[in-house]
file upload_2.pdb (PDB, C-alpha atoms)
ATOM      1  CA  GLN T1065     -73.167 -92.308 239.646
ATOM      2  CA  VAL T1066     -73.670 -89.122 237.727
ATOM      3  CA  GLN T1067     -70.925 -87.150 236.047
ATOM      4  CA  LEU T1068     -71.566 -83.465 235.393
ATOM      5  CA  VAL T1069     -69.640 -81.257 232.976
ATOM      6  CA  GLU T1070     -70.322 -77.540 232.737
ATOM      7  CA  SER T1071     -69.706 -75.381 229.711
ATOM      8  CA  GLY T1072     -70.284 -71.769 228.837
ATOM      9  CA  GLY T1073     -69.448 -68.885 231.099
ATOM     10  CA  GLY T1074     -66.534 -66.575 230.469
ATOM     11  CA  LEU T1075     -66.539 -62.799 230.342
ATOM     12  CA  GLY T1076     -69.739 -60.802 230.129
ATOM     13  CA  GLN T1077     -70.706 -57.164 230.409
ATOM     14  CA  ALA T1078     -73.089 -55.604 232.882
ATOM     15  CA  GLY T1079     -76.552 -55.767 231.382
ATOM     16  CA  GLY T1080     -75.556 -58.556 229.034
ATOM     17  CA  SER T1081     -76.261 -62.264 228.931
ATOM     18  CA  LEU T1082     -74.421 -65.541 229.290
ATOM     19  CA  LYS T1083     -75.621 -69.128 229.220
ATOM     20  CA  LEU T1084     -74.224 -72.051 231.175
ATOM     21  CA  SER T1085     -74.864 -75.673 230.291
ATOM     22  CA  CYS T1086     -74.420 -78.824 232.339
ATOM     23  CA  ALA T1087     -74.202 -82.176 230.584
ATOM     24  CA  ALA T1088     -74.982 -85.203 232.740
ATOM     25  CA  SER T1089     -73.857 -88.743 232.067
ATOM     26  CA  GLY T1090     -73.946 -92.064 233.890
ATOM     27  CA  ARG T1091     -77.707 -92.256 234.314
ATOM     28  CA  SER T1092     -80.816 -90.245 233.561
ATOM     29  CA  ILE T1093     -81.418 -87.133 235.631
ATOM     30  CA  SER T1094     -85.107 -87.058 234.760
ATOM     31  CA  THR T1095     -86.228 -87.629 238.364
ATOM     32  CA  ASP T1096     -83.435 -85.652 240.036
ATOM     33  CA  ASP T1097     -83.209 -82.139 241.416
ATOM     34  CA  MET T1098     -80.653 -80.072 239.541
ATOM     35  CA  ALA T1099     -79.216 -76.822 240.831
ATOM     36  CA  TRP T1100     -76.722 -74.112 240.047
ATOM     37  CA  PHE T1101     -74.508 -72.838 242.833
ATOM     38  CA  ARG T1102     -71.914 -70.112 242.777
ATOM     39  CA  ARG T1103     -68.956 -69.051 244.868
ATOM     40  CA  ALA T1104     -67.773 -65.484 244.634
ATOM     41  CA  PRO T1105     -64.289 -64.486 245.827
ATOM     42  CA  GLY T1106     -64.200 -64.363 249.601
ATOM     43  CA  LYS T1107     -67.778 -65.592 249.965
ATOM     44  CA  GLU T1108     -69.525 -68.803 250.843
ATOM     45  CA  ARG T1109     -70.955 -71.003 248.131
ATOM     46  CA  GLU T1110     -74.628 -70.208 247.568
ATOM     47  CA  ILE T1111     -77.419 -71.862 245.663
ATOM     48  CA  VAL T1112     -78.912 -69.580 243.024
ATOM     49  CA  ALA T1113     -81.438 -71.745 241.173
ATOM     50  CA  ALA T1114     -82.907 -75.232 241.333
ATOM     51  CA  ILE T1115     -85.276 -77.317 239.251
ATOM     52  CA  LYS T1116     -87.159 -80.550 239.681
ATOM     53  CA  CYS T1117     -86.366 -82.333 236.451
ATOM     54  CA  PHE T1118     -89.567 -84.385 236.370
ATOM     55  CA  SER T1119     -92.056 -81.566 236.875
ATOM     56  CA  GLY T1120     -89.990 -78.560 235.782
ATOM     57  CA  PHE T1121     -90.808 -76.715 239.011
ATOM     58  CA  THR T1122     -88.173 -74.079 239.720
ATOM     59  CA  TRP T1123     -86.820 -71.999 242.584
ATOM     60  CA  TYR T1124     -84.559 -68.927 242.485
ATOM     61  CA  ALA T1125     -82.583 -66.973 245.021
ATOM     62  CA  ASP T1126     -83.803 -63.408 245.437
ATOM     63  CA  SER T1127     -80.518 -62.109 244.059
ATOM     64  CA  VAL T1128     -81.166 -63.639 240.621
ATOM     65  CA  LYS T1129     -84.951 -63.857 240.464
ATOM     66  CA  GLY T1130     -86.261 -62.329 237.252
ATOM     67  CA  ARG T1131     -82.801 -62.362 235.646
ATOM     68  CA  PHE T1132     -81.729 -66.017 235.584
ATOM     69  CA  THR T1133     -83.651 -68.957 234.147
ATOM     70  CA  ILE T1134     -82.887 -72.585 234.931
ATOM     71  CA  SER T1135     -84.099 -75.266 232.581
ATOM     72  CA  VAL T1136     -83.580 -78.939 231.822
ATOM     73  CA  VAL T1137     -83.926 -81.062 228.725
ATOM     74  CA  ASN T1138     -84.429 -84.578 229.993
ATOM     75  CA  THR T1139     -84.053 -86.173 226.567
ATOM     76  CA  ASN T1140     -80.574 -84.646 226.357
ATOM     77  CA  ASN T1141     -79.769 -85.102 230.032
ATOM     78  CA  THR T1142     -78.725 -81.448 230.096
ATOM     79  CA  ALA T1143     -79.473 -78.560 232.416
ATOM     80  CA  SER T1144     -78.901 -74.897 231.593
ATOM     81  CA  LEU T1145     -78.760 -71.543 233.307
ATOM     82  CA  GLN T1146     -79.629 -68.527 231.172
ATOM     83  CA  MET T1147     -78.253 -65.414 232.831
ATOM     84  CA  ASP T1148     -79.641 -62.065 231.658
ATOM     85  CA  SER T1149     -79.236 -58.518 232.934
ATOM     86  CA  LEU T1150     -75.874 -59.483 234.363
ATOM     87  CA  LYS T1151     -74.388 -57.506 237.232
ATOM     88  CA  PRO T1152     -70.749 -57.302 238.390
ATOM     89  CA  GLU T1153     -71.829 -59.020 241.608
ATOM     90  CA  ASP T1154     -72.719 -62.105 239.546
ATOM     91  CA  THR T1155     -68.981 -62.701 239.130
ATOM     92  CA  ALA T1156     -68.247 -66.135 240.583
ATOM     93  CA  VAL T1157     -67.382 -69.715 239.834
ATOM     94  CA  TYR T1158     -70.628 -71.465 238.931
ATOM     95  CA  TYR T1159     -71.251 -75.137 239.644
ATOM     96  CA  CYS T1160     -74.052 -77.425 238.587
ATOM     97  CA  ALA T1161     -75.121 -80.116 241.006
ATOM     98  CA  ALA T1162     -77.538 -83.025 241.153
ATOM     99  CA  ARG T1163     -79.267 -84.971 243.888
ATOM    100  CA  ILE T1164     -81.923 -87.630 244.094
ATOM    101  CA  GLY T1165     -85.243 -85.821 243.880
ATOM    102  CA  LEU T1166     -86.541 -84.670 247.261
ATOM    103  CA  PRO T1167     -90.037 -83.459 248.155
ATOM    104  CA  ILE T1168     -90.830 -80.148 246.504
ATOM    105  CA  VAL T1169     -90.733 -78.311 249.839
ATOM    106  CA  ALA T1170     -86.989 -78.999 249.895
ATOM    107  CA  LEU T1171     -86.292 -77.442 246.506
ATOM    108  CA  ALA T1172     -84.884 -74.232 248.024
ATOM    109  CA  THR T1173     -82.466 -76.131 250.227
ATOM    110  CA  ASN T1174     -78.826 -76.757 249.442
ATOM    111  CA  TYR T1175     -78.288 -80.094 251.157
ATOM    112  CA  ALA T1176     -77.893 -83.613 249.801
ATOM    113  CA  TYR T1177     -76.398 -82.529 246.477
ATOM    114  CA  GLU T1178     -74.179 -85.502 245.809
ATOM    115  CA  TYR T1179     -72.875 -84.876 242.315
ATOM    116  CA  TRP T1180     -70.984 -81.774 241.232
ATOM    117  CA  GLY T1181     -69.456 -80.352 238.105
ATOM    118  CA  GLN T1182     -65.960 -78.919 238.014
ATOM    119  CA  GLY T1183     -67.125 -75.317 237.952
ATOM    120  CA  THR T1184     -66.954 -72.600 235.324
ATOM    121  CA  GLN T1185     -65.830 -69.011 235.819
ATOM    122  CA  VAL T1186     -68.217 -66.164 235.082
ATOM    123  CA  THR T1187     -66.799 -62.650 235.169
ATOM    124  CA  VAL T1188     -69.013 -59.619 234.649
ATOM    125  CA  SER T1189     -67.386 -56.294 233.892
ATOM    126  CA  SER T1190     -69.043 -52.978 234.685
TER     127      SER T1190
END
call {"tool": "encode", "arguments": {"input": "upload_2.pdb", "output": "structure tokens"}}
result
Amino acid sequence: QVQLVESGGGLGQAGGSLKLSCAASGRSISTDDMAWFRRAPGKEREIVAAIKCFSGFTWYADSVKGRFTISVVNTNNTASLQMDSLKPEDTAVYYCAARIGLPIVALATNYAYEYWGQGTQVTVSS
């Protein structure tokens, strides 16, 4: 079992930055895939970034590529999402999630994420 707790988020301005953190407990995530999802009002939940904790290999959705950076510190069992050049359309509830590590070809997929945080609100004003 893995418990995930997000922190960070809040109110940001367009063009500004925010950082989200996700603290994992219960077992090491060092061989897991970690991801950040978001759900905007009236929209489906979407995956925005993922990382293979062992290798550090990352994947990003086109909507955030070049602006968001996902990272993991295995010694701290913590994943982060640095969000730069924020846009109003980044407004959403953000969730971190973990799954047993799958083959790298599956990194862009959103299935099999078994463990979820409670979500943290990010609001970007124009």
call {"tool": "closest_residue", "arguments": {"input": "upload_2.pdb", "among": "T:Cys1086, T:Ala1114, T:Ala1143, T:Ala1156", "to": "Asn1174 of chain T", "atoms": "only C-alpha atoms"}}
result
T:Ala1114
call {"tool": "resolve_selection", "arguments": {"input": "upload_2.pdb", "expression": "the PyMOL selection byres ((chain T and resi 1150) around 12)", "output": "MDAnalysis selection string"}}
result
chainID T and resid 1073 1075:1083 1127:1132 1146:1149 1151:1156 1186:1190
call {"tool": "closest_residue", "arguments": {"input": "upload_2.pdb", "among": "T:Ser1071, T:Ser1119, T:Ser1144, T:Gln1065", "to": "Ala1099 of chain T", "atoms": "all atoms listed in the file"}}
result
T:Ser1144
call {"tool": "atom_distance", "arguments": {"input": "upload_2.pdb", "atom1": "atom CA of Pro1167 of chain T", "atom2": "atom CA of Thr1139 of chain T"}}
result
22.6 Å
call {"tool": "atom_distance", "arguments": {"input": "upload_2.pdb", "atom1": "atom CA of Tyr1177 of chain T", "atom2": "atom CA of Gly1074 of chain T"}}
result
24.7 Å
call {"tool": "resolve_selection", "arguments": {"input": "upload_2.pdb", "expression": "the PyMOL selection byres ((chain T and resi 1164) around 6)", "output": "NGL selection string"}}
result
:T and (1096 or 1163 or 1165)
call {"tool": "write_last_selection", "arguments": {"input": "upload_2.pdb", "atoms": "C-alpha atoms", "output": "tab-separated table (two decimals), keeping the file's coordinate frame"}}
result
chain	number	residue	atom	x	y	z
T	1096	ASP	CA	-83.44	-85.65	240.04
T	1163	ARG	CA	-79.27	-84.97	243.89
T	1165	GLY	CA	-85.24	-85.82	243.88
call {"tool": "closest_residue", "arguments": {"input": "upload_2.pdb", "among": "T:Glu1178, T:Glu1070, T:Glu1108, T:Ile1093", "to": "Asn1141 of chain T", "atoms": "all atoms listed in the file"}}
result
T:Ile1093
call {"tool": "atom_distance", "arguments": {"input": "upload_2.pdb", "atom1": "atom CA of Tyr1124 of chain T", "atom2": "atom CA of Gly1090 of chain T"}}
result
26.9 Å
call {"tool": "closest_residue", "arguments": {"input": "upload_2.pdb", "among": "T:Lys1116, T:Trp1180, T:Phe1121, T:Thr1133", "to": "Thr1095 of chain T", "atoms": "all atoms listed in the file"}}
result
T:Lys1116
call {"tool": "resolve_selection", "arguments": {"input": "upload_2.pdb", "expression": "the PyMOL selection byres ((chain T and resi 1067) around 10)", "output": "PDB file with C-alpha atoms, in the frame of the given file"}}
result
ATOM      1  CA  GLN T1065     -73.167 -92.308 239.646  1.00  0.00           C
ATOM      2  CA  VAL T1066     -73.670 -89.122 237.727  1.00  0.00           C
ATOM      3  CA  LEU T1068     -71.566 -83.465 235.393  1.00  0.00           C
ATOM      4  CA  VAL T1069     -69.640 -81.257 232.976  1.00  0.00           C
ATOM      5  CA  CYS T1086     -74.420 -78.824 232.339  1.00  0.00           C
ATOM      6  CA  ALA T1087     -74.202 -82.176 230.584  1.00  0.00           C
ATOM      7  CA  ALA T1088     -74.982 -85.203 232.740  1.00  0.00           C
ATOM      8  CA  SER T1089     -73.857 -88.743 232.067  1.00  0.00           C
ATOM      9  CA  GLY T1090     -73.946 -92.064 233.890  1.00  0.00           C
ATOM     10  CA  ARG T1091     -77.707 -92.256 234.314  1.00  0.00           C
ATOM     11  CA  ALA T1161     -75.121 -80.116 241.006  1.00  0.00           C
ATOM     12  CA  ALA T1162     -77.538 -83.025 241.153  1.00  0.00           C
ATOM     13  CA  TYR T1179     -72.875 -84.876 242.315  1.00  0.00           C
ATOM     14  CA  TRP T1180     -70.984 -81.774 241.232  1.00  0.00           C
ATOM     15  CA  GLY T1181     -69.456 -80.352 238.105  1.00  0.00           C
ATOM     16  CA  GLN T1182     -65.960 -78.919 238.014  1.00  0.00           C
TER      17      GLN T1182
END
call {"tool": "closest_residue", "arguments": {"input": "upload_2.pdb", "among": "T:Phe1118, T:Asp1126, T:Val1112, T:Val1157", "to": "Thr1173 of chain T", "atoms": "only C-alpha atoms"}}
result
T:Val1112
call {"tool": "axis_aligned_box", "arguments": {"input": "upload_2.pdb", "around": "segment 1114-1125 of chain T", "padding_each_side": "4 Å", "output": "lines of an AutoDock Vina configuration file"}}
result
center_x = -87.3
center_y = -75.7
center_z = 240.4
size_x = 17.5
size_y = 25.4
size_z = 17.2
call {"tool": "decode", "arguments": {"input": "upload_2.pdb", "residues": "segment 1160-1185 of chain T", "atoms": "N, CA and C atoms", "output": "JSON list (two decimals), in the first residue's frame"}}
result
[["chain", "number", "residue", "atom", "x", "y", "z"],
["T", 1160, "CYS", "N", -1.64, 13.54, -7.64],
["T", 1160, "CYS", "CA", -0.53, 12.66, -7.93],
["T", 1160, "CYS", "C", -1.01, 11.22, -7.81],
["T", 1161, "ALA", "N", -0.36, 10.35, -8.54],
["T", 1161, "ALA", "CA", -0.76, 8.95, -8.58],
["T", 1161, "ALA", "C", 0.48, 8.08, -8.76],
["T", 1162, "ALA", "N", 0.35, 6.83, -8.31],
["T", 1162, "ALA", "CA", 1.46, 5.88, -8.42],
["T", 1162, "ALA", "C", 0.94, 4.54, -8.89],
["T", 1163, "ARG", "N", 1.79, 3.84, -9.61],
["T", 1163, "ARG", "CA", 1.48, 2.47, -10.04],
["T", 1163, "ARG", "C", 2.79, 1.69, -10.05],
["T", 1164, "ILE", "N", 2.65, 0.38, -9.99],
["T", 1164, "ILE", "CA", 3.82, -0.47, -10.18],
["T", 1164, "ILE", "C", 4.42, -0.14, -11.54],
["T", 1165, "GLY", "N", 5.73, -0.05, -11.61],
["T", 1165, "GLY", "CA", 6.38, 0.34, -12.85],
["T", 1165, "GLY", "C", 6.04, -0.58, -14.01],
["T", 1166, "LEU", "N", 5.60, 0.01, -15.10],
["T", 1166, "LEU", "CA", 5.29, -0.73, -16.33],
["T", 1166, "LEU", "C", 6.41, -0.50, -17.34],
["T", 1167, "PRO", "N", 6.42, -1.27, -18.43],
["T", 1167, "PRO", "CA", 7.42, -1.01, -19.48],
["T", 1167, "PRO", "C", 7.36, 0.43, -19.94],
["T", 1168, "ILE", "N", 8.50, 0.95, -20.35],
["T", 1168, "ILE", "CA", 8.61, 2.37, -20.67],
["T", 1168, "ILE", "C", 7.63, 2.79, -21.76],
["T", 1169, "VAL", "N", 7.28, 1.89, -22.65],
["T", 1169, "VAL", "CA", 6.35, 2.24, -23.73],
["T", 1169, "VAL", "C", 4.97, 2.61, -23.19],
["T", 1170, "ALA", "N", 4.70, 2.24, -21.94],
["T", 1170, "ALA", "CA", 3.40, 2.54, -21.34],
["T", 1170, "ALA", "C", 3.41, 3.83, -20.54],
["T", 1171, "LEU", "N", 4.52, 4.55, -20.54],
["T", 1171, "LEU", "CA", 4.63, 5.71, -19.66],
["T", 1171, "LEU", "C", 3.58, 6.76, -19.96],
["T", 1172, "ALA", "N", 3.18, 6.91, -21.21],
["T", 1172, "ALA", "CA", 2.22, 7.94, -21.59],
["T", 1172, "ALA", "C", 0.78, 7.52, -21.33],
["T", 1173, "THR", "N", 0.58, 6.31, -20.85],
["T", 1173, "THR", "CA", -0.77, 5.83, -20.63],
["T", 1173, "THR", "C", -1.26, 6.20, -19.23],
["T", 1174, "ASN", "N", -2.58, 6.17, -19.08],
["T", 1174, "ASN", "CA", -3.15, 6.58, -17.79],
["T", 1174, "ASN", "C", -3.78, 5.43, -17.02],
["T", 1175, "TYR", "N", -3.51, 4.19, -17.46],
["T", 1175, "TYR", "CA", -4.17, 3.08, -16.76],
["T", 1175, "TYR", "C", -3.29, 2.48, -15.68],
["T", 1176, "ALA", "N", -3.93, 1.72, -14.82],
["T", 1176, "ALA", "CA", -3.25, 0.94, -13.77],
["T", 1176, "ALA", "C", -2.69, 1.81, -12.65],
["T", 1177, "TYR", "N", -3.07, 3.09, -12.59],
["T", 1177, "TYR", "CA", -2.64, 3.88, -11.43],
["T", 1177, "TYR", "C", -3.53, 3.50, -10.25],
["T", 1178, "GLU", "N", -2.91, 2.89, -9.28],
["T", 1178, "GLU", "CA", -3.65, 2.29, -8.17],
["T", 1178, "GLU", "C", -3.76, 3.21, -6.96],
["T", 1179, "TYR", "N", -2.78, 4.05, -6.78],
["T", 1179, "TYR", "CA", -2.73, 4.88, -5.58],
["T", 1179, "TYR", "C", -2.85, 6.35, -5.97],
["T", 1180, "TRP", "N", -3.68, 7.07, -5.21],
["T", 1180, "TRP", "CA", -3.99, 8.46, -5.55],
["T", 1180, "TRP", "C", -3.90, 9.34, -4.31],
["T", 1181, "GLY", "N", -3.48, 10.58, -4.55],
["T", 1181, "GLY", "CA", -3.56, 11.58, -3.51],
["T", 1181, "GLY", "C", -4.95, 12.17, -3.46],
["T", 1182, "GLN", "N", -5.15, 13.09, -2.52],
["T", 1182, "GLN", "CA", -6.49, 13.65, -2.31],
["T", 1182, "GLN", "C", -6.79, 14.80, -3.26],
["T", 1183, "GLY", "N", -5.78, 15.29, -3.93],
["T", 1183, "GLY", "CA", -5.97, 16.39, -4.87],
["T", 1183, "GLY", "C", -5.67, 17.74, -4.24],
["T", 1184, "THR", "N", -5.18, 18.65, -5.05],
["T", 1184, "THR", "CA", -4.91, 20.01, -4.60],
["T", 1184, "THR", "C", -5.33, 20.98, -5.69],
["T", 1185, "GLN", "N", -5.99, 22.05, -5.29],
["T", 1185, "GLN", "CA", -6.54, 23.01, -6.25],
["T", 1185, "GLN", "C", -5.45, 23.96, -6.73]]
